[in-house]
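Colleague: Next up is a structure, given as structure tokens.
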Amino acid sequence: MKIETSQFGTMEIPEDKIITMPAGMPGFPGAGRFIILERKEMWPFFWYQCVDESGLSLVIMDPHVFKPDYSVDLKHVLRGMSWEADGDSLELYVIVNASEGAPEKITANLIAPLVINTRKREAAQIVLNDSPYSLRHSIFGQNPTLTA
């Protein structure tokens, strides 16, 4: 399947790599299918590219790269999505907020992580109520492997 992307132009993607968001992406009506685009030179960042809206792409990353003790109770999302509690098929990402011209100010939204069931190719963004985490958590300085 060919898709248009805002960052990489036209791309051919296998249909079995498409991730559906049955409840949609909060704040983006009509955005229900995504793909994760990886580039070695961008690690630890990935693009969460919408298949339905070429202009919608979010930078995501594994929160454990910069916050190893990040912990989220997934019982609610497992129940709501009717997913089995299989830890091997669940991946957790957070959305990264870029700061133009100031990479040391890049933050991650730890309050609304993205949970992906790789076996079902489904995802949900959850909102953590009464969370000790921040909407704009600095990712640099938290882990010595990351530098601005």
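Order determines the names: the first chain of the structure tokens is A, the second B, and so forth; residues in each chain are numbered 1 upward, and ligands are numbered 1 upward as they are shown.
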If you take only C-alpha atoms and a cut-off of 10 Å, which residues of stretch 52-104 of chain A touch stretch 122-131 of chain A, and what are their nearest atom pairs and distances in Å to one decimal, in chain and number order, as a Markdown table?

Modeller:
```
| residue | atom | partner | partner_atom | distance |
| --- | --- | --- | --- | --- |
| A:Val72 | CA | A:Leu128 | CA | 8.2 |
| A:Asp73 | CA | A:Leu128 | CA | 9.0 |
| A:Leu74 | CA | A:Ile126 | CA | 9.1 |
| A:His76 | CA | A:Ile126 | CA | 9.1 |
| A:Val77 | CA | A:Ile126 | CA | 7.3 |
| A:Leu78 | CA | A:Ala124 | CA | 9.9 |
| A:Gly80 | CA | A:Ala124 | CA | 9.6 |
| A:Met81 | CA | A:Ala124 | CA | 8.1 |
| A:Trp83 | CA | A:Glu122 | CA | 9.5 |
| A:Leu90 | CA | A:Ala123 | CA | 9.3 |
| A:Glu91 | CA | A:Ala123 | CA | 9.3 |
| A:Leu92 | CA | A:Ala123 | CA | 9.7 |
| A:Tyr93 | CA | A:Gln125 | CA | 9.4 |
| A:Val94 | CA | A:Gln125 | CA | 9.2 |
| A:Ile95 | CA | A:Gln125 | CA | 9.9 |
```

Colleague: Extract the full set of strand (DSSP E) residues from stretch 30-94 of chain A according to DSSP on the backbone, and format it as a ChimeraX atom specification.

Modeller: /A:33-37,46-50,57-61,90-94

Colleague: Create the file for the chosen residues now, containing C-alpha atoms and written as a tab-separated table (two decimals), in the first residue's frame.

Modeller:
```tsv
chain	number	residue	atom	x	y	z
A	33	ARG	CA	-4.75	3.94	11.19
A	34	PHE	CA	-1.04	4.44	11.82
A	35	ILE	CA	2.33	2.93	11.12
A	36	ILE	CA	5.57	3.18	13.07
A	37	LEU	CA	8.42	4.40	10.91
A	46	PHE	CA	10.21	6.85	15.92
A	47	TRP	CA	7.53	8.41	13.74
A	48	TYR	CA	3.91	7.42	14.41
A	49	GLN	CA	2.60	8.25	10.94
A	50	CYS	CA	-1.12	8.40	10.25
A	57	SER	CA	2.84	12.31	12.25
A	58	LEU	CA	3.94	12.24	15.84
A	59	VAL	CA	7.37	11.57	17.25
A	60	ILE	CA	7.22	8.77	19.81
A	61	MET	CA	9.72	6.86	21.92
A	90	LEU	CA	2.33	-4.92	24.43
A	91	GLU	CA	4.58	-1.96	23.66
A	92	LEU	CA	4.48	1.35	25.45
A	93	TYR	CA	5.41	4.67	23.86
A	94	VAL	CA	5.13	8.31	24.80
```

Colleague: Pick the closest to A:His137 from A:Ala98, A:Ala23, A:Ser82, A:Thr118: which is it, counting only C-alpha atoms?

Modeller: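 Comparing A:Ala98, A:Ala23, A:Ser82, A:Thr118 against A:His137, the winner is A:Ala98.
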
Colleague: For the alpha helix (DSSP H) assignment from backbone DSSP, which residues of chain A qualify? Please present them as a PyMOL selection string.

Modeller: chain A and resi 75-81

Colleague: Include C-alpha atoms and write out the residues we just selected as a short mmCIF file (atom, residue, chain, number, x, y, z; two decimals), in the first residue's frame.

Modeller:
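The resulting file, result_23.cif, is reproduced below:
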```cif
data_model
loop_
_atom_site.label_atom_id
_atom_site.label_comp_id
_atom_site.auth_asym_id
_atom_site.auth_seq_id
_atom_site.Cartn_x
_atom_site.Cartn_y
_atom_site.Cartn_z
CA LYS A 75 -5.56 -3.25 33.49
CA HIS A 76 -8.06 -0.61 32.35
CA VAL A 77 -6.83 -0.55 28.74
CA LEU A 78 -6.63 -4.36 28.62
CA ARG A 79 -10.27 -4.59 29.72
CA GLY A 80 -11.46 -1.74 27.50
CA MET A 81 -9.75 -3.10 24.39
#
```

Colleague: Hey, which of A:Glu12, A:Ile3, A:Met21, A:Pro44 ends up closest to A:Val65? Count only C-alpha atoms.

Modeller: A:Pro44

Colleague: Could you check which of A:Leu114, A:Arg121, A:Gly27, A:Tyr70 is closest to A:Ser134, using only C-alpha atoms?

Modeller: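 The shortest atom-to-atom distance to A:Ser134 comes from A:Tyr70.
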
Colleague: Quick check, in Å to one decimal: how far apart do atom CA of A:Glu84 and atom CA of A:Asp69 lie?

Modeller: 23.6 Å
